[in-house]
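As stored in structure.csv (CSV, C-alpha atoms and all ligand atoms):
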chain,number,residue,atom,x,y,z
A,1,MET,CA,18.5,71.3,-45.6
A,2,SER,CA,19.9,72.0,-42.2
A,3,ALA,CA,19.2,69.7,-39.3
A,4,LYS,CA,18.0,70.7,-35.9
A,5,ILE,CA,20.9,70.0,-33.5
A,6,LEU,CA,19.5,68.4,-30.3
A,7,GLN,CA,21.7,69.8,-27.6
A,8,GLY,CA,21.9,67.6,-24.6
A,9,LYS,CA,22.5,70.4,-22.1
A,10,GLU,CA,19.1,72.0,-22.8
A,11,PHE,CA,17.3,68.7,-22.1
A,12,ALA,CA,19.5,67.8,-19.1
A,13,THR,CA,18.6,71.2,-17.5
A,14,ILE,CA,14.9,70.5,-17.9
A,15,ILE,CA,15.2,67.0,-16.5
A,16,LYS,CA,17.3,68.2,-13.5
A,17,GLU,CA,15.0,71.1,-12.7
A,18,ASN,CA,12.1,68.7,-12.7
A,19,ALA,CA,14.0,66.4,-10.4
A,20,ARG,CA,14.9,69.3,-8.1
A,21,LYS,CA,11.2,70.1,-7.6
A,22,LYS,CA,10.4,66.5,-6.8
A,23,VAL,CA,13.2,66.4,-4.3
A,24,LEU,CA,11.6,69.3,-2.5
A,25,GLU,CA,8.2,67.7,-2.6
A,26,LEU,CA,9.6,64.4,-1.2
A,27,LYS,CA,11.5,66.2,1.6
A,28,GLU,CA,8.3,68.1,2.5
A,29,LYS,CA,6.2,65.0,2.5
A,30,TYR,CA,8.5,62.5,4.2
A,31,GLY,CA,11.0,64.7,6.0
A,32,THR,CA,13.9,63.1,4.2
A,33,ALA,CA,15.7,63.6,0.9
A,34,PRO,CA,16.2,60.9,-1.7
A,35,GLY,CA,19.6,59.3,-1.2
A,36,LEU,CA,22.0,57.7,-3.7
A,37,ALA,CA,25.0,55.5,-2.9
A,38,VAL,CA,27.6,54.9,-5.6
A,39,ILE,CA,30.1,52.2,-5.0
A,40,ILE,CA,33.4,52.5,-6.7
A,41,VAL,CA,36.0,49.7,-6.5
A,42,GLY,CA,39.6,50.5,-7.4
A,43,ASN,CA,41.1,53.6,-9.0
A,44,ASN,CA,39.9,53.6,-12.7
A,45,PRO,CA,40.4,57.3,-13.6
A,46,ALA,CA,37.5,57.5,-16.0
A,47,SER,CA,35.2,55.9,-13.4
A,48,GLU,CA,36.4,58.4,-10.8
A,49,VAL,CA,35.4,61.3,-13.0
A,50,TYR,CA,31.9,59.7,-13.7
A,51,VAL,CA,31.4,59.2,-9.9
A,52,ARG,CA,32.4,62.7,-9.1
A,53,ASN,CA,29.9,64.0,-11.7
A,54,LYS,CA,27.1,62.0,-10.2
A,55,HIS,CA,28.0,63.2,-6.7
A,56,LYS,CA,28.1,66.8,-7.9
A,57,SER,CA,24.7,66.5,-9.6
A,58,CYS,CA,23.2,65.1,-6.4
A,59,GLU,CA,24.5,68.0,-4.4
A,60,GLU,CA,23.1,70.5,-6.9
A,61,LEU,CA,19.6,69.0,-6.6
A,62,GLY,CA,19.5,68.4,-2.9
A,63,ILE,CA,19.8,64.6,-3.2
A,64,TYR,CA,21.8,63.0,-0.4
A,65,SER,CA,24.9,61.3,-1.9
A,66,GLU,CA,27.3,58.8,-0.5
A,67,VAL,CA,30.3,57.7,-2.5
A,68,VAL,CA,31.6,54.3,-1.2
A,69,SER,CA,35.2,53.9,-2.3
A,70,MET,CA,36.5,50.4,-1.9
A,71,PRO,CA,40.1,49.3,-2.6
A,72,GLU,CA,41.2,47.5,-5.8
A,73,ASN,CA,41.7,44.2,-4.0
A,74,THR,CA,38.1,44.1,-2.6
A,75,SER,CA,36.7,40.6,-2.7
A,76,LYS,CA,33.4,39.6,-4.1
A,77,ASP,CA,32.0,38.9,-0.7
A,78,GLU,CA,33.1,42.2,0.8
A,79,LEU,CA,31.4,44.0,-2.1
A,80,LEU,CA,28.2,41.9,-1.6
A,81,ASN,CA,28.2,42.7,2.1
A,82,LYS,CA,28.4,46.4,1.3
A,83,ILE,CA,25.5,46.1,-1.1
A,84,ASP,CA,23.5,44.2,1.6
A,85,GLU,CA,24.2,47.0,4.0
A,86,LEU,CA,23.0,49.7,1.6
A,87,ASN,CA,20.0,47.6,0.7
A,88,ASP,CA,19.0,47.9,4.3
A,89,ALA,CA,19.9,51.6,4.8
A,90,LYS,CA,16.8,53.7,5.2
A,91,ASN,CA,18.4,56.9,4.0
A,92,ILE,CA,19.6,55.3,0.7
A,93,HIS,CA,17.0,54.9,-2.1
A,94,GLY,CA,19.3,54.3,-5.0
A,95,ILE,CA,22.4,52.1,-5.3
A,96,LEU,CA,24.8,51.8,-8.2
A,97,VAL,CA,28.0,49.9,-8.7
A,98,GLN,CA,30.3,51.9,-11.0
A,99,LEU,CA,31.5,49.7,-13.9
A,100,PRO,CA,33.9,48.3,-14.9
A,101,LEU,CA,34.8,46.3,-11.8
A,102,PRO,CA,38.5,45.4,-11.3
A,103,GLU,CA,39.5,42.3,-13.3
A,104,SER,CA,39.8,40.1,-10.1
A,105,ILE,CA,36.0,40.3,-9.6
A,106,SER,CA,34.7,41.3,-13.0
A,107,LYS,CA,33.6,37.7,-13.7
A,108,HIS,CA,31.1,38.1,-10.9
A,109,GLU,CA,29.6,41.2,-12.3
A,110,SER,CA,26.1,39.8,-12.8
A,111,GLU,CA,26.0,38.3,-9.3
A,112,ILE,CA,27.1,41.6,-7.8
A,113,LEU,CA,24.6,43.7,-9.8
A,114,ASN,CA,21.8,41.3,-9.1
A,115,ARG,CA,22.4,41.7,-5.3
A,116,ILE,CA,21.1,45.2,-5.4
A,117,ASN,CA,17.5,45.4,-4.3
A,118,PRO,CA,15.5,45.9,-7.6
A,119,LYS,CA,13.7,48.8,-5.9
A,120,LYS,CA,17.0,50.6,-5.4
A,121,ASP,CA,18.5,49.6,-8.8
A,122,VAL,CA,18.8,53.1,-10.3
A,123,ASP,CA,20.9,51.8,-13.2
A,124,GLY,CA,18.0,49.5,-14.2
A,125,PHE,CA,20.2,46.5,-14.8
A,126,HIS,CA,18.6,44.1,-12.4
A,127,PRO,CA,16.6,41.2,-14.2
A,128,THR,CA,13.5,42.3,-12.3
A,129,ASN,CA,13.6,45.8,-13.8
A,130,VAL,CA,14.6,44.4,-17.2
A,131,GLY,CA,11.7,42.0,-17.1
A,132,LYS,CA,9.2,44.7,-16.0
A,133,LEU,CA,10.3,47.0,-18.8
A,134,SER,CA,9.9,44.2,-21.3
A,135,ILE,CA,6.3,43.4,-20.2
A,136,GLY,CA,5.5,47.1,-20.1
A,137,GLU,CA,5.3,47.6,-16.3
A,138,ASP,CA,6.6,50.6,-14.5
A,139,ALA,CA,10.3,50.0,-13.8
A,140,LEU,CA,13.6,51.6,-13.2
A,141,VAL,CA,15.0,52.0,-16.7
A,142,PRO,CA,18.7,52.3,-17.8
A,143,CYS,CA,19.5,56.0,-17.9
A,144,THR,CA,21.0,56.4,-21.3
A,145,PRO,CA,18.2,54.9,-23.4
A,146,ALA,CA,15.6,56.5,-21.1
A,147,GLY,CA,17.4,59.9,-21.7
A,148,CYS,CA,17.2,59.4,-25.5
A,149,VAL,CA,13.4,58.8,-25.4
A,150,LYS,CA,12.9,61.7,-23.0
A,151,MET,CA,14.9,63.9,-25.4
A,152,LEU,CA,12.6,62.9,-28.3
A,153,GLU,CA,9.5,63.7,-26.2
A,154,LEU,CA,10.8,67.1,-25.0
A,155,SER,CA,11.6,67.9,-28.7
A,156,ASN,CA,8.0,67.1,-29.6
A,157,ILE,CA,9.3,64.4,-32.1
A,158,ASP,CA,6.5,61.9,-32.7
A,159,ILE,CA,7.4,58.3,-32.0
A,160,GLU,CA,4.1,56.6,-32.5
A,161,GLY,CA,3.8,54.7,-35.8
A,162,LYS,CA,7.4,55.7,-36.8
A,163,ASN,CA,10.0,53.3,-38.1
A,164,ALA,CA,12.7,53.2,-35.5
A,165,VAL,CA,15.9,51.4,-36.2
A,166,ILE,CA,18.5,50.7,-33.4
A,167,ILE,CA,22.0,49.6,-34.3
A,168,GLY,CA,23.4,47.7,-31.3
A,169,ARG,CA,21.8,45.2,-28.9
A,170,SER,CA,23.6,45.7,-25.7
A,171,ASN,CA,21.8,45.2,-22.4
A,172,ILE,CA,22.7,48.8,-21.4
A,173,VAL,CA,21.5,50.6,-24.5
A,174,GLY,CA,20.2,48.6,-27.5
A,175,LYS,CA,17.8,46.2,-25.8
A,176,PRO,CA,16.2,48.7,-23.3
A,177,MET,CA,15.9,51.2,-26.2
A,178,PHE,CA,13.9,48.6,-28.2
A,179,ASN,CA,11.5,48.2,-25.3
A,180,LEU,CA,11.1,51.9,-24.7
A,181,LEU,CA,10.4,52.7,-28.3
A,182,LEU,CA,8.1,49.8,-28.6
A,183,LYS,CA,6.2,51.1,-25.6
A,184,LYS,CA,5.8,54.4,-27.4
A,185,ASN,CA,4.3,52.5,-30.3
A,186,ALA,CA,7.1,52.8,-32.8
A,187,THR,CA,7.8,49.9,-35.2
A,188,VAL,CA,11.2,48.9,-34.0
A,189,THR,CA,14.0,47.0,-35.7
A,190,VAL,CA,17.2,46.1,-33.9
A,191,CYS,CA,20.4,45.5,-35.9
A,192,HIS,CA,23.7,44.1,-34.8
A,193,SER,CA,27.1,42.9,-36.1
A,194,LYS,CA,25.5,39.9,-37.9
A,195,THR,CA,22.8,42.0,-39.6
A,196,LYS,CA,22.9,41.7,-43.4
A,197,ASN,CA,22.5,44.7,-45.7
A,198,LEU,CA,22.5,47.1,-42.8
A,199,ALA,CA,22.2,50.3,-44.9
A,200,ASP,CA,19.0,49.0,-46.6
A,201,ILE,CA,17.4,48.8,-43.1
A,202,THR,CA,18.8,52.0,-41.7
A,203,LYS,CA,17.6,53.9,-44.7
A,204,GLN,CA,14.0,53.0,-43.7
A,205,ALA,CA,14.4,54.6,-40.3
A,206,ASP,CA,12.4,57.7,-39.4
A,207,ILE,CA,14.3,57.5,-36.1
A,208,LEU,CA,17.8,56.0,-36.1
A,209,VAL,CA,19.7,55.2,-32.9
A,210,ALA,CA,23.4,54.4,-33.2
A,211,ALA,CA,24.8,52.5,-30.2
A,212,ILE,CA,27.7,50.6,-31.7
A,213,GLY,CA,31.0,52.0,-30.3
A,214,LYS,CA,32.6,52.6,-33.8
A,215,PRO,CA,33.7,56.1,-34.7
A,216,LYS,CA,31.7,57.7,-37.5
A,217,PHE,CA,30.2,54.3,-38.5
A,218,VAL,CA,26.9,55.8,-39.8
A,219,THR,CA,27.4,57.7,-43.0
A,220,ALA,CA,25.1,59.9,-45.0
A,221,ASP,CA,24.3,57.2,-47.5
A,222,MET,CA,22.9,55.0,-44.7
A,223,VAL,CA,20.2,57.5,-43.6
A,224,LYS,CA,16.9,58.7,-44.9
A,225,GLU,CA,16.4,62.3,-45.7
A,226,GLY,CA,14.7,64.1,-42.8
A,227,ALA,CA,15.3,61.3,-40.3
A,228,VAL,CA,16.0,61.9,-36.6
A,229,ILE,CA,19.4,60.6,-35.6
A,230,ILE,CA,20.3,59.7,-32.0
A,231,ASP,CA,24.0,59.1,-31.6
A,232,VAL,CA,24.8,57.2,-28.4
A,233,GLY,CA,28.4,56.4,-29.3
A,234,ILE,CA,31.3,57.9,-27.4
A,235,ASN,CA,34.6,57.1,-29.1
A,236,ARG,CA,37.9,58.7,-28.1
A,237,ILE,CA,39.9,59.0,-31.4
A,238,ALA,CA,42.7,61.2,-29.9
A,239,PRO,CA,43.6,62.2,-26.3
A,240,LYS,CA,41.2,65.2,-26.4
A,241,LYS,CA,38.9,64.3,-29.3
A,242,LEU,CA,35.6,62.4,-28.8
A,243,VAL,CA,33.4,61.4,-31.7
A,244,GLY,CA,30.1,59.5,-32.0
A,245,ASP,CA,29.1,56.5,-34.0
A,246,VAL,CA,27.6,58.9,-36.6
A,247,ASP,CA,29.6,60.9,-39.1
A,248,PHE,CA,28.0,64.1,-37.8
A,249,ASP,CA,29.3,66.6,-40.4
A,250,GLU,CA,28.2,64.6,-43.3
A,251,VAL,CA,24.9,63.2,-41.9
A,252,LYS,CA,23.6,66.5,-40.5
A,253,GLU,CA,23.3,67.9,-44.0
A,254,LYS,CA,20.7,65.3,-44.9
A,255,VAL,CA,18.6,64.7,-41.8
A,256,GLY,CA,15.9,66.6,-39.8
A,257,ALA,CA,17.5,66.4,-36.4
A,258,ILE,CA,20.6,64.9,-34.9
A,259,THR,CA,22.4,64.7,-31.5
A,260,PRO,CA,26.1,65.9,-31.5
A,261,VAL,CA,29.0,64.1,-29.7
A,262,PRO,CA,30.1,65.4,-27.3
A,263,GLY,CA,27.2,67.5,-26.0
A,264,GLY,CA,24.3,65.2,-26.9
A,265,VAL,CA,23.1,62.0,-25.3
A,266,GLY,CA,26.0,61.8,-22.9
A,267,LEU,CA,24.8,64.8,-20.9
A,268,LEU,CA,21.4,63.2,-20.4
A,269,THR,CA,22.7,60.1,-18.6
A,270,VAL,CA,23.5,61.7,-15.3
A,271,ALA,CA,20.3,63.8,-15.4
A,272,MET,CA,18.3,60.6,-15.9
A,273,LEU,CA,20.1,59.0,-13.0
A,274,MET,CA,18.9,61.9,-10.8
A,275,GLU,CA,15.4,61.3,-12.1
A,276,ASN,CA,15.7,57.6,-11.3
A,277,VAL,CA,16.8,58.2,-7.7
A,278,VAL,CA,13.7,60.4,-7.2
A,279,LYS,CA,11.5,57.8,-8.9
A,280,ALA,CA,13.1,55.0,-6.7
A,281,MET,CA,12.2,56.9,-3.6
A,282,GLU,CA,8.7,57.6,-4.8
A,283,MET,CA,8.1,53.9,-5.6
A,284,GLN,CA,9.6,52.8,-2.2
A,285,MET,CA,7.5,55.3,-0.3
A,286,LYS,CA,4.3,54.4,-2.2
A,287,SER,CA,4.8,50.7,-1.3
A,288,GLU,CA,5.2,51.7,2.4
A,289,ASP,CA,2.2,54.1,2.5
A,301,LIG,P1,28.5,47.2,-26.8
A,301,LIG,O1,29.9,47.0,-27.3
A,301,LIG,O2,28.0,46.5,-25.6
A,301,LIG,O3,27.5,46.9,-28.0
A,301,LIG,C1,27.7,47.3,-29.3
A,301,LIG,C2,26.7,46.8,-30.3
A,301,LIG,O4,27.0,47.2,-31.6
A,301,LIG,C3,26.6,45.3,-30.3
A,301,LIG,O5,25.2,44.9,-30.2
A,301,LIG,C4,27.2,44.9,-31.6
A,301,LIG,O6,26.7,43.7,-32.2
A,301,LIG,C5,26.9,46.1,-32.5
A,301,LIG,N1,27.8,46.2,-33.6
A,301,LIG,C6,29.2,46.2,-33.5
A,301,LIG,N2,29.7,46.3,-34.8
A,301,LIG,C7,28.6,46.4,-35.6
A,301,LIG,C8,28.5,46.5,-37.0
A,301,LIG,N3,29.6,46.5,-37.8
A,301,LIG,N4,27.3,46.5,-37.5
A,301,LIG,C9,26.2,46.5,-36.8
A,301,LIG,N5,26.2,46.4,-35.4
A,301,LIG,C10,27.5,46.3,-34.8
A,301,LIG,O7,28.3,48.8,-26.6
A,301,LIG,P2,27.3,49.7,-25.7
A,301,LIG,O8,25.9,49.4,-26.1
A,301,LIG,O9,27.6,49.5,-24.3
A,301,LIG,O10,27.7,51.1,-26.1
A,301,LIG,C11,27.6,51.6,-27.5
A,301,LIG,C12,28.3,52.9,-27.6
A,301,LIG,O11,27.5,53.8,-26.8
A,301,LIG,C13,29.7,53.0,-27.1
A,301,LIG,O12,30.4,54.0,-27.9
A,301,LIG,C14,29.6,53.5,-25.7
A,301,LIG,O13,30.8,54.2,-25.3
A,301,LIG,C15,28.4,54.4,-25.8
A,301,LIG,N6,27.7,54.6,-24.6
A,301,LIG,C16,27.4,55.9,-24.2
A,301,LIG,C17,26.7,56.2,-23.1
A,301,LIG,C18,26.3,57.6,-22.8
A,301,LIG,O14,26.1,57.9,-21.6
A,301,LIG,N7,26.1,58.4,-23.8
A,301,LIG,C19,26.3,55.1,-22.1
A,301,LIG,C20,26.6,53.8,-22.6
A,301,LIG,C21,27.2,53.6,-23.8
A,301,LIG,P3,26.8,42.3,-31.6
A,301,LIG,O15,25.8,42.2,-30.4
A,301,LIG,O16,26.5,41.3,-32.7
A,301,LIG,O17,28.2,42.1,-31.1

Any chance you could give the structure as structure tokens?
Amino acid sequence: MSAKILQGKEFATIIKENARKKVLELKEKYGTAPGLAVIIVGNNPASEVYVRNKHKSCEELGIYSEVVSMPENTSKDELLNKIDELNDAKNIHGILVQLPLPESISKHESEILNRINPKKDVDGFHPTNVGKLSIGEDALVPCTPAGCVKMLELSNIDIEGKNAVIIGRSNIVGKPMFNLLLKKNATVTVCHSKTKNLADITKQADILVAAIGKPKFVTADMVKEGAVIIDVGINRIAPKKLVGDVDFDEVKEKVGAITPVPGGVGLLTVAMLMENVVKAMEMQMKSED
């Protein structure tokens, strides 16, 4: 049996095209484009690449984009002041602080992220958005898990009534993934490092999401035949070699569909950020109407 390979690019293109249309509608209706501000503190090279990609995607879609670069030695208060300023800025509808923060202020990460107005919290990390998602209200949702669910929907993969198993319980991926799949009426199990007999659980999964951060951790003997495998992991095993949390070559022979790494889920994250910026503006405008 040969698995369907779920190519991230294909889905990212659909999501971005949809966002582009909505940007035009918003411009027409309100005379202004959605705006995203990305704050980057320090010179982490990987973060600089991510921020550049976000800026580029905004430009492609007609979203106003502001990159706020702050020096490595920025204090917590300086950063909070900048967030306050952007919270008040009428042309900015989405704000995100690129992580990781420099070591000197990383212990204040929660306080810093929680300062972002929840209506502009396009990363979906603010407790208000986390809470809304968990009680099933409309919220800004973290981009990576939202992208995974979108990909399942765009692939016409049924979620309702399915056994979904998530390996990983982080606030960024595992936990929001749980809430999103539950909302779609899956029966969801969340596993983590203390889970006993992991393979017994993963073998029950119709949909298996791996968000662990360990290269090729999920092997063929851990998956059910015909299952759908979503690999969120990004692990650099050599300077130019990325692999996922799933042993792709082995597992693809047994399952029904699988995301590759690179080229899978990773490509959806920025596309979903664009969708979130549009959604943030729509929500803000609706509450002002
Ligand atoms: P975290 O390190 O925050 O969480 C990892 C989770 O895996 C934890 O819940 C941990 O359990 C669990 N885990 C670790 N070891 C085991 C084990 N042996 N058995 C079962 N569970 C285990 O990672 P993230 O959620 O932030 O990221 C996960 C992966 O996804 C990483 O590779 C990251 O690079 C990637 N990622 C990709 C994104 C994208 O855009 N595609 C975006 C975000 C992340 P415990 O809680 O008990 O410690």

Can you tell me which residues come within 6 Å of ligand LIG 301 (chain A) when counting all atoms listed in the file, ideally as a PyMOL selection string? chain A and resi 144+167-170+172-174+191-194+211-213+232-235+265-266+269

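Considering all atoms listed in the file, the residue among A:Ile230, A:Ala205, A:Ala271, A:Val41 positioned nearest to A:Cys148 is A:Ile230.
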
Rank nothing, just name the residue among A:Val243, A:Val277, A:Val51, A:Ile116 nearest to A:Asp88, using only C-alpha atoms.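 Ranking A:Val243, A:Val277, A:Val51, A:Ile116 by distance to A:Asp88, first place goes to A:Ile116.
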
Interatomic distance, atom CA of A:His108 to atom CA of A:Lys76 (Å, one decimal):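 For atom CA of A:His108 relative to atom CA of A:Lys76, the distance reads 7.3 Å.
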
May I have the residues at most 12 Å from (42.2, 47.0, -12.4) in the file's coordinates, counting all atoms listed in the file, as an MDAnalysis selection string? chainID A and resid 40:45 47 71:74 99:106

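Of the residues listed (A:Ala227, A:Asn185, A:Pro239, A:Met274), A:Met274 shows the shortest atom-to-atom separation from A:Glu59; distances use only C-alpha atoms.
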
Taking (21.1, 50.4, -43.0) as a centre in this file's frame and 9 Å as the limit, can you find every polymer residue with an atom that close, using only C-alpha atoms, and give them as a PyMOL selection string? chain A and resi 165+167+191+196-205+218+221-223
